[in-house]
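The file query-v6.txt contains compact mmCIF, C-alpha atoms and all ligand atoms:
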# COMPACT_ATOMS: atom_id res chain seq x y z
CA MET A 1 -23.60 14.10 -34.19
CA SER A 2 -23.22 10.68 -32.64
CA ASN A 3 -23.36 10.17 -28.86
CA THR A 4 -21.05 7.16 -29.09
CA PRO A 5 -18.11 7.81 -26.72
CA ALA A 6 -14.69 8.06 -28.36
CA ARG A 7 -12.78 4.77 -28.35
CA ILE A 8 -9.87 4.66 -25.88
CA PRO A 9 -6.82 2.54 -26.78
CA CYS A 10 -5.55 0.69 -23.70
CA THR A 11 -2.68 -1.76 -23.27
CA LEU A 12 -3.72 -4.98 -21.56
CA PHE A 13 -1.50 -7.42 -19.66
CA PRO A 14 -3.45 -10.53 -18.62
CA GLY A 15 -0.47 -11.32 -16.36
CA ASP A 16 0.79 -14.48 -14.65
CA GLY A 17 -0.81 -16.97 -12.24
CA ILE A 18 -4.43 -15.94 -11.55
CA GLY A 19 -3.95 -12.96 -13.90
CA PRO A 20 -5.67 -14.39 -17.01
CA GLU A 21 -8.71 -15.52 -14.95
CA ILE A 22 -9.29 -12.22 -13.16
CA THR A 23 -8.54 -10.26 -16.35
CA ASP A 24 -11.11 -12.27 -18.29
CA ALA A 25 -13.69 -11.67 -15.52
CA THR A 26 -12.92 -7.92 -15.52
CA LEU A 27 -13.10 -7.61 -19.31
CA ARG A 28 -16.48 -9.34 -19.34
CA VAL A 29 -17.85 -6.76 -16.88
CA LEU A 30 -16.32 -3.87 -18.85
CA ASP A 31 -17.86 -5.27 -22.06
CA ALA A 32 -21.28 -5.60 -20.42
CA LEU A 33 -20.92 -1.99 -19.30
CA GLY A 34 -20.12 -0.88 -22.86
CA ALA A 35 -16.76 0.59 -21.79
CA PRO A 36 -15.12 2.12 -24.89
CA PHE A 37 -11.66 0.52 -24.56
CA ASP A 38 -9.79 -0.90 -27.55
CA TRP A 39 -7.51 -3.51 -25.98
CA HIS A 40 -3.91 -3.93 -27.12
CA GLU A 41 -2.94 -7.23 -25.53
CA GLN A 42 0.71 -7.61 -24.52
CA THR A 43 2.67 -10.16 -22.50
CA ALA A 44 5.15 -9.50 -19.71
CA GLY A 45 6.42 -11.25 -16.58
CA ALA A 46 7.07 -14.98 -16.19
CA GLY A 47 4.91 -15.84 -19.24
CA ALA A 48 6.92 -13.51 -21.49
CA ALA A 49 10.25 -14.69 -20.02
CA GLU A 50 9.31 -18.28 -20.84
CA LYS A 51 7.81 -17.68 -24.31
CA LEU A 52 9.89 -14.78 -25.60
CA GLY A 53 13.02 -14.95 -23.44
CA ASP A 54 12.36 -11.43 -22.08
CA PRO A 55 10.10 -10.59 -19.09
CA LEU A 56 9.51 -7.07 -20.45
CA PRO A 57 9.52 -7.15 -24.28
CA ASP A 58 10.14 -3.87 -26.15
CA ALA A 59 6.74 -4.28 -27.86
CA ALA A 60 5.00 -3.94 -24.48
CA ILE A 61 6.88 -0.75 -23.61
CA GLU A 62 6.27 0.69 -27.08
CA ASP A 63 2.55 -0.07 -26.85
CA ILE A 64 2.17 1.78 -23.52
CA ARG A 65 4.15 4.65 -25.01
CA GLN A 66 1.37 4.96 -27.58
CA THR A 67 -1.72 4.29 -25.43
CA ARG A 68 -0.41 5.94 -22.20
CA LEU A 69 -2.88 3.69 -20.38
CA ALA A 70 -2.73 0.07 -19.21
CA LEU A 71 -4.74 -2.45 -17.25
CA LYS A 72 -2.38 -5.03 -15.82
CA GLY A 73 -2.83 -8.43 -14.22
CA PRO A 74 -0.24 -9.43 -11.61
CA LEU A 75 3.24 -10.38 -12.82
CA THR A 76 5.41 -12.99 -11.11
CA THR A 77 8.88 -11.94 -9.89
CA PRO A 78 11.36 -14.66 -8.94
CA VAL A 79 12.35 -14.51 -5.25
CA GLY A 80 16.00 -14.09 -4.24
CA SER A 81 17.53 -14.30 -7.73
CA GLY A 82 16.46 -14.03 -11.39
CA TYR A 83 15.15 -11.04 -13.31
CA ARG A 84 14.29 -7.71 -11.69
CA SER A 85 10.60 -6.99 -11.01
CA VAL A 86 8.79 -6.04 -14.22
CA ASN A 87 6.33 -4.03 -12.12
CA VAL A 88 9.17 -1.87 -10.81
CA ARG A 89 10.66 -1.54 -14.33
CA LEU A 90 7.31 -0.43 -15.78
CA ARG A 91 6.91 2.18 -13.03
CA GLU A 92 10.42 3.46 -13.77
CA ALA A 93 10.02 3.39 -17.57
CA PHE A 94 6.92 5.60 -17.43
CA GLN A 95 7.87 7.57 -14.30
CA LEU A 96 4.67 6.43 -12.56
CA TYR A 97 5.63 8.25 -9.40
CA ALA A 98 2.37 7.92 -7.46
CA ASN A 99 0.90 4.61 -6.38
CA VAL A 100 -2.63 5.29 -5.14
CA ARG A 101 -4.16 2.50 -3.09
CA PRO A 102 -7.67 3.10 -1.70
CA GLY A 103 -8.61 0.98 1.32
CA ARG A 104 -12.31 1.00 2.08
CA SER A 105 -14.59 -1.26 4.14
CA LEU A 106 -16.76 -2.87 1.49
CA LEU A 107 -18.32 -5.79 3.36
CA PRO A 108 -21.21 -5.04 5.74
CA ASP A 109 -20.01 -7.88 8.03
CA CYS A 110 -16.33 -6.88 7.93
CA LYS A 111 -14.40 -6.55 11.21
CA PHE A 112 -13.76 -2.85 10.55
CA HIS A 113 -16.78 -0.98 9.09
CA ASP A 114 -15.31 2.47 8.89
CA VAL A 115 -12.05 2.23 6.94
CA HIS A 116 -12.08 4.73 4.09
CA LEU A 117 -8.52 5.77 3.52
CA ILE A 118 -6.27 6.47 0.55
CA LEU A 119 -2.69 5.28 0.81
CA VAL A 120 -0.24 7.05 -1.50
CA ARG A 121 3.08 5.30 -1.96
CA GLU A 122 6.16 6.95 -3.45
CA ASN A 123 6.61 4.60 -6.38
CA LEU A 124 10.10 5.16 -7.81
CA GLY A 125 12.67 5.46 -5.07
CA GLY A 126 13.68 4.10 -1.69
CA PHE A 127 14.99 0.55 -1.51
CA TYR A 128 13.27 -0.41 -4.78
CA VAL A 129 15.94 1.25 -6.97
CA GLY A 130 17.77 -2.08 -7.20
CA VAL A 131 21.13 -0.80 -5.95
CA GLU A 132 22.28 -3.82 -3.96
CA HIS A 133 25.02 -6.40 -4.03
CA PHE A 134 26.77 -9.16 -2.14
CA ILE A 135 30.35 -8.93 -0.90
CA PRO A 136 32.14 -12.29 -0.96
CA ILE A 137 34.45 -13.25 1.87
CA GLY A 138 36.59 -16.36 1.57
CA ASP A 139 34.54 -19.11 -0.04
CA ASP A 140 31.17 -17.52 0.87
CA PRO A 141 29.93 -15.45 -2.11
CA HIS A 142 27.05 -14.09 0.01
CA ALA A 143 29.03 -13.24 3.15
CA VAL A 144 27.76 -9.64 3.26
CA ALA A 145 24.76 -7.97 1.58
CA GLU A 146 24.39 -4.25 0.96
CA ALA A 147 21.29 -2.36 -0.25
CA THR A 148 21.05 1.35 -0.92
CA GLY A 149 17.83 3.37 -0.76
CA ILE A 150 17.69 6.50 -2.91
CA LEU A 151 15.26 9.43 -2.70
CA THR A 152 15.65 12.85 -4.21
CA ARG A 153 14.12 16.03 -2.81
CA GLU A 154 12.49 16.57 -6.20
CA ASN A 155 10.77 13.16 -6.07
CA CYS A 156 9.64 13.75 -2.48
CA ARG A 157 8.26 17.14 -3.45
CA ARG A 158 6.43 15.71 -6.47
CA ILE A 159 4.68 12.95 -4.48
CA ALA A 160 3.84 15.39 -1.65
CA GLU A 161 2.28 17.88 -4.07
CA PHE A 162 0.36 15.06 -5.76
CA THR A 163 -1.02 13.94 -2.38
CA PHE A 164 -2.10 17.37 -1.14
CA GLU A 165 -3.70 18.17 -4.50
CA TYR A 166 -5.47 14.79 -4.41
CA ALA A 167 -6.74 15.64 -0.92
CA LEU A 168 -8.17 18.96 -2.11
CA LYS A 169 -9.74 17.42 -5.21
CA HIS A 170 -11.36 14.53 -3.32
CA GLY A 171 -12.42 16.35 -0.16
CA ARG A 172 -9.87 14.70 2.11
CA ARG A 173 -8.96 16.65 5.25
CA LYS A 174 -5.87 15.01 6.68
CA VAL A 175 -2.58 13.54 5.42
CA THR A 176 -0.46 11.33 7.70
CA VAL A 177 3.12 11.12 6.48
CA VAL A 178 4.65 7.80 7.55
CA HIS A 179 8.42 7.45 7.91
CA LYS A 180 11.26 5.97 9.98
CA ALA A 181 13.23 9.19 10.35
CA ASN A 182 14.40 8.17 13.84
CA ILE A 183 16.56 5.41 12.28
CA LEU A 184 16.82 6.08 8.52
CA LYS A 185 17.54 9.72 9.29
CA SER A 186 18.66 10.71 5.79
CA LEU A 187 16.50 8.54 3.55
CA THR A 188 13.16 8.91 5.27
CA GLY A 189 14.23 12.12 7.04
CA LEU A 190 14.42 13.85 3.64
CA PHE A 191 10.97 12.48 2.83
CA LEU A 192 9.48 13.80 6.09
CA GLU A 193 11.23 17.16 5.84
CA THR A 194 10.09 17.73 2.24
CA VAL A 195 6.49 16.65 2.86
CA GLN A 196 6.34 19.03 5.84
CA ASP A 197 7.77 21.80 3.70
CA VAL A 198 5.19 21.23 0.93
CA GLY A 199 2.43 20.86 3.55
CA ARG A 200 2.97 24.45 4.75
CA ALA A 201 1.38 25.72 1.52
CA TYR A 202 -1.78 23.72 2.35
CA GLU A 203 -2.10 24.81 6.01
CA GLY A 204 -5.72 25.52 6.94
CA ARG A 205 -6.93 23.34 4.06
CA VAL A 206 -5.32 19.95 4.71
CA LEU A 207 -4.06 18.89 8.13
CA LEU A 208 -0.64 17.22 8.13
CA GLU A 209 0.51 14.84 10.87
CA ASP A 210 3.31 12.29 10.99
CA ARG A 211 3.80 8.77 12.36
CA ILE A 212 6.75 6.45 12.62
CA VAL A 213 5.98 3.39 10.51
CA ASP A 214 5.92 0.81 13.32
CA ASN A 215 3.46 2.91 15.32
CA CYS A 216 1.37 3.44 12.17
CA ALA A 217 1.22 -0.34 11.59
CA MET A 218 -0.05 -0.82 15.14
CA GLN A 219 -2.51 2.10 14.99
CA LEU A 220 -3.95 0.70 11.77
CA VAL A 221 -5.06 -2.50 13.48
CA ILE A 222 -6.34 -0.70 16.60
CA ASN A 223 -8.22 2.20 15.00
CA PRO A 224 -7.92 2.41 11.20
CA ALA A 225 -10.72 4.99 10.89
CA GLN A 226 -8.38 7.68 12.28
CA PHE A 227 -6.52 7.69 8.93
CA ASP A 228 -7.78 9.75 6.01
CA MET A 229 -4.76 9.76 3.66
CA ILE A 230 -1.44 8.05 4.32
CA LEU A 231 1.62 9.23 2.38
CA THR A 232 4.69 7.06 2.65
CA THR A 233 7.85 5.74 1.01
CA ASN A 234 7.98 2.86 -1.45
CA MET A 235 8.65 -0.12 0.81
CA PHE A 236 6.54 1.08 3.76
CA GLY A 237 3.70 1.73 1.30
CA ASP A 238 4.02 -1.76 -0.14
CA ILE A 239 3.80 -3.34 3.31
CA LEU A 240 1.15 -1.05 4.82
CA SER A 241 -1.16 -1.40 1.80
CA ASP A 242 -1.25 -5.18 2.25
CA GLU A 243 -2.02 -4.53 5.93
CA VAL A 244 -4.88 -2.20 4.94
CA ALA A 245 -6.15 -4.87 2.51
CA GLY A 246 -6.22 -7.30 5.44
CA LEU A 247 -8.31 -4.86 7.50
CA ILE A 248 -11.01 -4.62 4.83
CA GLY A 249 -11.34 -8.34 4.08
CA GLY A 250 -8.22 -9.40 2.19
CA LEU A 251 -6.05 -8.89 -0.87
CA GLY A 252 -8.90 -9.83 -3.18
CA LEU A 253 -10.51 -6.43 -2.49
CA ALA A 254 -7.63 -3.94 -2.87
CA PRO A 255 -7.22 -1.91 -6.11
CA ALA A 256 -4.34 0.33 -7.17
CA ALA A 257 -3.43 3.02 -9.68
CA ASN A 258 0.11 3.89 -10.78
CA ILE A 259 0.02 7.48 -11.97
CA GLY A 260 2.60 9.52 -13.87
CA LYS A 261 2.57 12.66 -15.96
CA ASP A 262 2.56 10.74 -19.24
CA ALA A 263 0.91 7.39 -18.46
CA ALA A 264 -1.12 5.45 -15.90
CA ILE A 265 -1.23 1.72 -15.13
CA PHE A 266 -4.06 0.16 -13.15
CA GLU A 267 -3.61 -3.14 -11.30
CA ALA A 268 -4.65 -5.04 -8.18
CA VAL A 269 -2.49 -4.70 -5.03
CA HIS A 270 -2.12 -8.48 -4.87
CA GLY A 271 0.29 -10.71 -6.76
CA SER A 272 -0.12 -13.68 -9.09
CA ALA A 273 -1.27 -16.06 -6.29
CA PRO A 274 0.32 -19.20 -7.76
CA ASP A 275 -1.27 -21.29 -4.97
CA ILE A 276 -4.75 -20.87 -6.50
CA ALA A 277 -3.90 -20.20 -10.18
CA GLY A 278 -5.96 -21.96 -12.84
CA GLN A 279 -8.58 -23.19 -10.35
CA ASP A 280 -11.36 -20.62 -10.90
CA LYS A 281 -10.93 -19.62 -7.22
CA ALA A 282 -9.45 -16.11 -7.44
CA ASN A 283 -11.49 -13.10 -6.40
CA PRO A 284 -11.45 -10.65 -9.34
CA THR A 285 -12.82 -7.75 -7.25
CA ALA A 286 -9.47 -5.98 -6.82
CA LEU A 287 -8.79 -5.87 -10.58
CA MET A 288 -12.43 -4.92 -11.28
CA LEU A 289 -12.16 -2.03 -8.80
CA SER A 290 -8.86 -1.02 -10.47
CA ALA A 291 -10.73 -0.96 -13.79
CA ALA A 292 -13.38 1.28 -12.17
CA LEU A 293 -10.55 3.64 -11.11
CA MET A 294 -9.31 3.55 -14.71
CA LEU A 295 -12.75 4.51 -16.03
CA GLU A 296 -12.76 7.50 -13.66
CA HIS A 297 -9.19 8.38 -14.69
CA CYS A 298 -10.55 8.55 -18.27
CA ASP A 299 -13.34 10.88 -17.06
CA LEU A 300 -15.93 8.11 -17.47
CA HIS A 301 -17.30 8.77 -13.99
CA GLU A 302 -20.80 7.43 -14.59
CA ALA A 303 -19.47 4.10 -15.92
CA GLY A 304 -16.90 3.88 -13.09
CA GLY A 305 -19.62 4.48 -10.49
CA ARG A 306 -21.92 1.89 -12.08
CA MET A 307 -19.14 -0.69 -12.12
CA ARG A 308 -18.20 -0.04 -8.48
CA ASN A 309 -21.84 -0.15 -7.32
CA ALA A 310 -22.40 -3.47 -9.11
CA ILE A 311 -19.28 -4.93 -7.45
CA LEU A 312 -20.35 -3.63 -4.01
CA ALA A 313 -23.85 -5.08 -4.41
CA THR A 314 -22.35 -8.43 -5.38
CA ILE A 315 -19.85 -8.73 -2.53
CA GLY A 316 -22.42 -7.26 -0.11
CA ASN A 317 -24.38 -10.50 -0.41
CA PRO A 318 -22.62 -13.52 1.23
CA ALA A 319 -24.28 -15.80 -1.37
CA THR A 320 -22.46 -14.07 -4.25
CA ARG A 321 -18.92 -13.96 -2.86
CA THR A 322 -15.83 -15.89 -3.85
CA GLY A 323 -14.18 -18.48 -1.60
CA ASP A 324 -11.60 -16.12 -0.05
CA LEU A 325 -14.55 -14.24 1.52
CA GLY A 326 -16.31 -17.46 2.58
CA GLY A 327 -18.68 -17.46 -0.42
CA PRO A 328 -19.60 -20.24 -2.87
CA LEU A 329 -18.71 -18.61 -6.22
CA GLY A 330 -15.77 -19.17 -8.51
CA THR A 331 -14.14 -16.39 -10.54
CA ARG A 332 -16.36 -16.82 -13.60
CA ALA A 333 -19.63 -17.09 -11.66
CA PHE A 334 -18.66 -13.99 -9.66
CA ALA A 335 -18.26 -12.04 -12.91
CA ASP A 336 -21.74 -13.24 -13.99
CA ALA A 337 -23.14 -12.01 -10.66
CA VAL A 338 -21.54 -8.57 -11.10
CA ILE A 339 -22.88 -8.32 -14.67
CA ALA A 340 -26.37 -9.18 -13.34
CA GLN A 341 -26.06 -6.20 -10.96
CA LEU A 342 -25.07 -3.65 -13.63
P1 LIG A 401 0.02 -12.81 -3.60
O1 LIG A 401 -0.63 -11.48 -3.43
O2 LIG A 401 0.07 -13.35 -4.97
O3 LIG A 401 -0.73 -13.89 -2.67
C1 LIG A 401 -0.78 -13.81 -1.26
C2 LIG A 401 -1.95 -14.66 -0.75
O4 LIG A 401 -3.18 -14.00 -1.07
C3 LIG A 401 -2.03 -16.04 -1.41
O5 LIG A 401 -2.47 -16.98 -0.45
C4 LIG A 401 -3.07 -15.87 -2.49
O6 LIG A 401 -3.77 -17.04 -2.81
C5 LIG A 401 -4.00 -14.82 -1.87
N1 LIG A 401 -4.62 -13.98 -2.92
C6 LIG A 401 -3.98 -13.00 -3.63
N2 LIG A 401 -4.83 -12.47 -4.51
C7 LIG A 401 -6.00 -13.12 -4.37
C8 LIG A 401 -7.27 -13.02 -5.03
N3 LIG A 401 -7.49 -12.15 -6.02
N4 LIG A 401 -8.28 -13.87 -4.66
C9 LIG A 401 -8.07 -14.73 -3.67
N5 LIG A 401 -6.89 -14.88 -3.00
C10 LIG A 401 -5.88 -14.09 -3.36
O7 LIG A 401 1.47 -12.68 -2.97
P2 LIG A 401 2.74 -13.64 -3.08
O8 LIG A 401 2.30 -15.07 -3.01
O9 LIG A 401 3.65 -13.11 -2.08
O10 LIG A 401 3.35 -13.34 -4.52
C11 LIG A 401 3.17 -14.18 -5.67
C12 LIG A 401 3.86 -13.51 -6.85
O11 LIG A 401 3.21 -12.29 -7.20
C13 LIG A 401 5.33 -13.14 -6.60
O12 LIG A 401 6.06 -13.50 -7.77
C14 LIG A 401 5.31 -11.63 -6.43
O13 LIG A 401 6.51 -11.03 -6.82
C15 LIG A 401 4.18 -11.25 -7.37
N6 LIG A 401 3.54 -9.97 -7.04
C16 LIG A 401 3.17 -9.19 -8.10
C17 LIG A 401 2.53 -8.00 -7.89
C18 LIG A 401 2.11 -7.19 -9.08
O14 LIG A 401 2.13 -7.68 -10.19
N7 LIG A 401 1.72 -5.94 -8.88
C19 LIG A 401 2.23 -7.51 -6.52
C20 LIG A 401 2.61 -8.44 -5.47
C21 LIG A 401 3.27 -9.62 -5.74
Rewritten as structure tokens:
Amino acid sequence: MSNTPARIPCTLFPGDGIGPEITDATLRVLDALGAPFDWHEQTAGAGAAEKLGDPLPDAAIEDIRQTRLALKGPLTTPVGSGYRSVNVRLREAFQLYANVRPGRSLLPDCKFHDVHLILVRENLGGFYVGVEHFIPIGDDPHAVAEATGILTRENCRRIAEFTFEYALKHGRRKVTVVHKANILKSLTGLFLETVQDVGRAYEGRVLLEDRIVDNCAMQLVINPAQFDMILTTNMFGDILSDEVAGLIGGLGLAPAANIGKDAAIFEAVHGSAPDIAGQDKANPTALMLSAALMLEHCDLHEAGGRMRNAILATIGNPATRTGDLGGPLGTRAFADAVIAQL
């Protein structure tokens, strides 16, 4: 019998902006590691809109339906008008209800040494459902704007159960549910109420506390180590995870996993960074760490651990960091340095 690991088909989106550069860097590390992925490359986002006239081609959806696994570079979404976010559409299409965003101090000289939290963001509901419109008055077509947030008890229950089970599986002791139930009494009130209800079944095993989002944002910059797991709604999770990335050294270091029952998509927290695209400046760490999460998701724990350790050793040395962390290396040279650490 051969010891060669089974090949794993995986959809790959190089993405927009810095996407192709950080994807190339990540694939080189995965290749050097001997990761058993068979890549199915697809396009989506601004690149696909330009080339194919569709930011989310059917072929991309169909491919994920088959592989049930994707590694995705960032995709550009036009601001204010234009097509709806492809990221949001992918999460909806595959019911990727849990967005898991680990935030951990990785740099020995970082301002906060003791951040080691997992932020779980409800990934399908809230204000991201796209139910919004303008109401024209007189000759002003944008006189009034309305947006509706939608959450169902079932979705709140599903993300709460996911979070408590994650806590048990990964030895986490405390979940902080973050809401704005003093103002958005129905939308985030339902979230809080349901999480508390689910939390009762975990009493004595996982501690549950709650914070209003503005207080949580402030507490994060004063004493982030107090948080173990944060569970929050879609928009608060989007904002707070960028804040957490800032605490640990920046967006270049923050990975993410979008998990559903039938598929999982791994991507960096950051966007397509058009300001530095095509300049060999981007830090590929966040996508590399997302790939390490993907290896672990595929039960390749040894390979995931090796990849993460090589990344940590590389960014631990100021001489082998990218420019966003004050180092001298470009994207490609950083990948070489990680490969040398494997
Ligand atoms: P962004 O995350 O792309 O960039 C914010 C700032 O962080 C920029 O100054 C950028 O240069 C820097 N930065 C981001 N990633 C970096 C990296 N790996 N290395 C070094 N510096 C890095 O956010 P922005 O500018 O608000 O969004 C740009 C586009 O990305 C938008 O179209 C947005 O919709 C999209 N986006 C896509 C996401 C996804 O695909 N999951 C997530 C967030 C935004």
Could you list, as a PDB file with C-alpha atoms, keeping the file's coordinate frame, all the residues within 7 Å of ligand LIG 401 (chain A), counting all atoms listed in the file?
ATOM      1  CA  GLY A  73      -2.830  -8.430 -14.220  1.00  0.00           C
ATOM      2  CA  PRO A  74      -0.240  -9.430 -11.610  1.00  0.00           C
ATOM      3  CA  LEU A  75       3.240 -10.380 -12.820  1.00  0.00           C
ATOM      4  CA  THR A  76       5.410 -12.990 -11.110  1.00  0.00           C
ATOM      5  CA  THR A  77       8.880 -11.940  -9.890  1.00  0.00           C
ATOM      6  CA  PRO A  78      11.360 -14.660  -8.940  1.00  0.00           C
ATOM      7  CA  VAL A  79      12.350 -14.510  -5.250  1.00  0.00           C
ATOM      8  CA  ASN A  87       6.330  -4.030 -12.120  1.00  0.00           C
ATOM      9  CA  LEU A 251      -6.050  -8.890  -0.870  1.00  0.00           C
ATOM     10  CA  GLY A 252      -8.900  -9.830  -3.180  1.00  0.00           C
ATOM     11  CA  GLU A 267      -3.610  -3.140 -11.300  1.00  0.00           C
ATOM     12  CA  ALA A 268      -4.650  -5.040  -8.180  1.00  0.00           C
ATOM     13  CA  VAL A 269      -2.490  -4.700  -5.030  1.00  0.00           C
ATOM     14  CA  HIS A 270      -2.120  -8.480  -4.870  1.00  0.00           C
ATOM     15  CA  GLY A 271       0.290 -10.710  -6.760  1.00  0.00           C
ATOM     16  CA  SER A 272      -0.120 -13.680  -9.090  1.00  0.00           C
ATOM     17  CA  ALA A 273      -1.270 -16.060  -6.290  1.00  0.00           C
ATOM     18  CA  PRO A 274       0.320 -19.200  -7.760  1.00  0.00           C
ATOM     19  CA  ASP A 275      -1.270 -21.290  -4.970  1.00  0.00           C
ATOM     20  CA  ILE A 276      -4.750 -20.870  -6.500  1.00  0.00           C
ATOM     21  CA  LYS A 281     -10.930 -19.620  -7.220  1.00  0.00           C
ATOM     22  CA  ALA A 282      -9.450 -16.110  -7.440  1.00  0.00           C
ATOM     23  CA  ASN A 283     -11.490 -13.100  -6.400  1.00  0.00           C
ATOM     24  CA  PRO A 284     -11.450 -10.650  -9.340  1.00  0.00           C
ATOM     25  CA  ALA A 286      -9.470  -5.980  -6.820  1.00  0.00           C
ATOM     26  CA  ASP A 324     -11.600 -16.120  -0.050  1.00  0.00           C
TER      27      ASP A 324
END
List the neighbours of Ala25 of chain A out to 10 Å using only C-alpha atoms; skip same-chain residues closer than 3 positions along the sequence, and give me the result as an MDAnalysis selection string. chainID A and resid 19:22 28:30 283:285 287:288 331:336 338:339
Hey, could you pull the box centre and edge lengths for segment 146-165 of chain A, axis-aligned, 3 Å padding per side, all listed atoms, to one decimal in Å, as JSON?
{"center_x": 10.3, "center_y": 7.0, "center_z": -2.8, "size_x": 34.1, "size_y": 28.4, "size_z": 13.4}
Work out how far apart atom CA of Glu50 of chain A and atom CA of Arg68 of chain A are and give it in Å to one decimal.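 So the two atoms, atom CA of Glu50 of chain A and atom CA of Arg68 of chain A, lie 26.1 Å apart.
Around Ala217 of chain A, within 10 Å and counting all atoms listed in the file, the residues found are Val178, Arg211, Ile212, Ile222, Pro224, Phe236, Ile239, Leu240, Glu243 and Val244 of chain A, once anything fewer than 5 positions away on its own chain is removed.
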What does the structure give for the distance between atom CA of Leu190 of chain A and atom CA of Cys216 of chain A, in Å to one decimal?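 Atom CA of Cys216 of chain A lies at a distance of 18.7 Å from atom CA of Leu190 of chain A.
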What is the atom CA of Pro9 of chain A-atom CA of Pro57 of chain A distance in Å, reported with one decimal?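 Interatomic distance here is 19.2 Å.
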How close does segment 174-253 of chain A get to segment 127-140 of chain A? List, as a tab-separated table, each residue of segment 174-253 of chain A within 12 Å, its nearest atom pair and the distance in Å to one decimal, counting all atoms listed in the file.
residue	atom	partner	partner_atom	distance
A:Leu184	CA	A:Phe127	CA	11.6
A:Leu187	CA	A:Phe127	CA	9.6
A:Thr188	CA	A:Phe127	CA	10.9
A:Thr233	CA	A:Phe127	CA	9.2
A:Asn234	CA	A:Tyr128	CA	7.1
A:Met235	CA	A:Phe127	CA	6.8
A:Phe236	CA	A:Phe127	CA	10.0
A:Gly237	CA	A:Tyr128	CA	11.5
A:Asp238	CA	A:Tyr128	CA	10.4
Rank nothing, just name the residue among A:Trp39, A:Phe94, A:Phe13, A:Tyr83 nearest to Asn258 of chain A, using only C-alpha atoms.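 Ranking A:Trp39, A:Phe94, A:Phe13, A:Tyr83 by distance to Asn258 of chain A, first place goes to A:Phe94.
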Nearest to Met229 of chain A, chosen from A:Ala263, A:Val120, A:Ala160, A:Ile18, with only C-alpha atoms counted in the distances: A:Val120
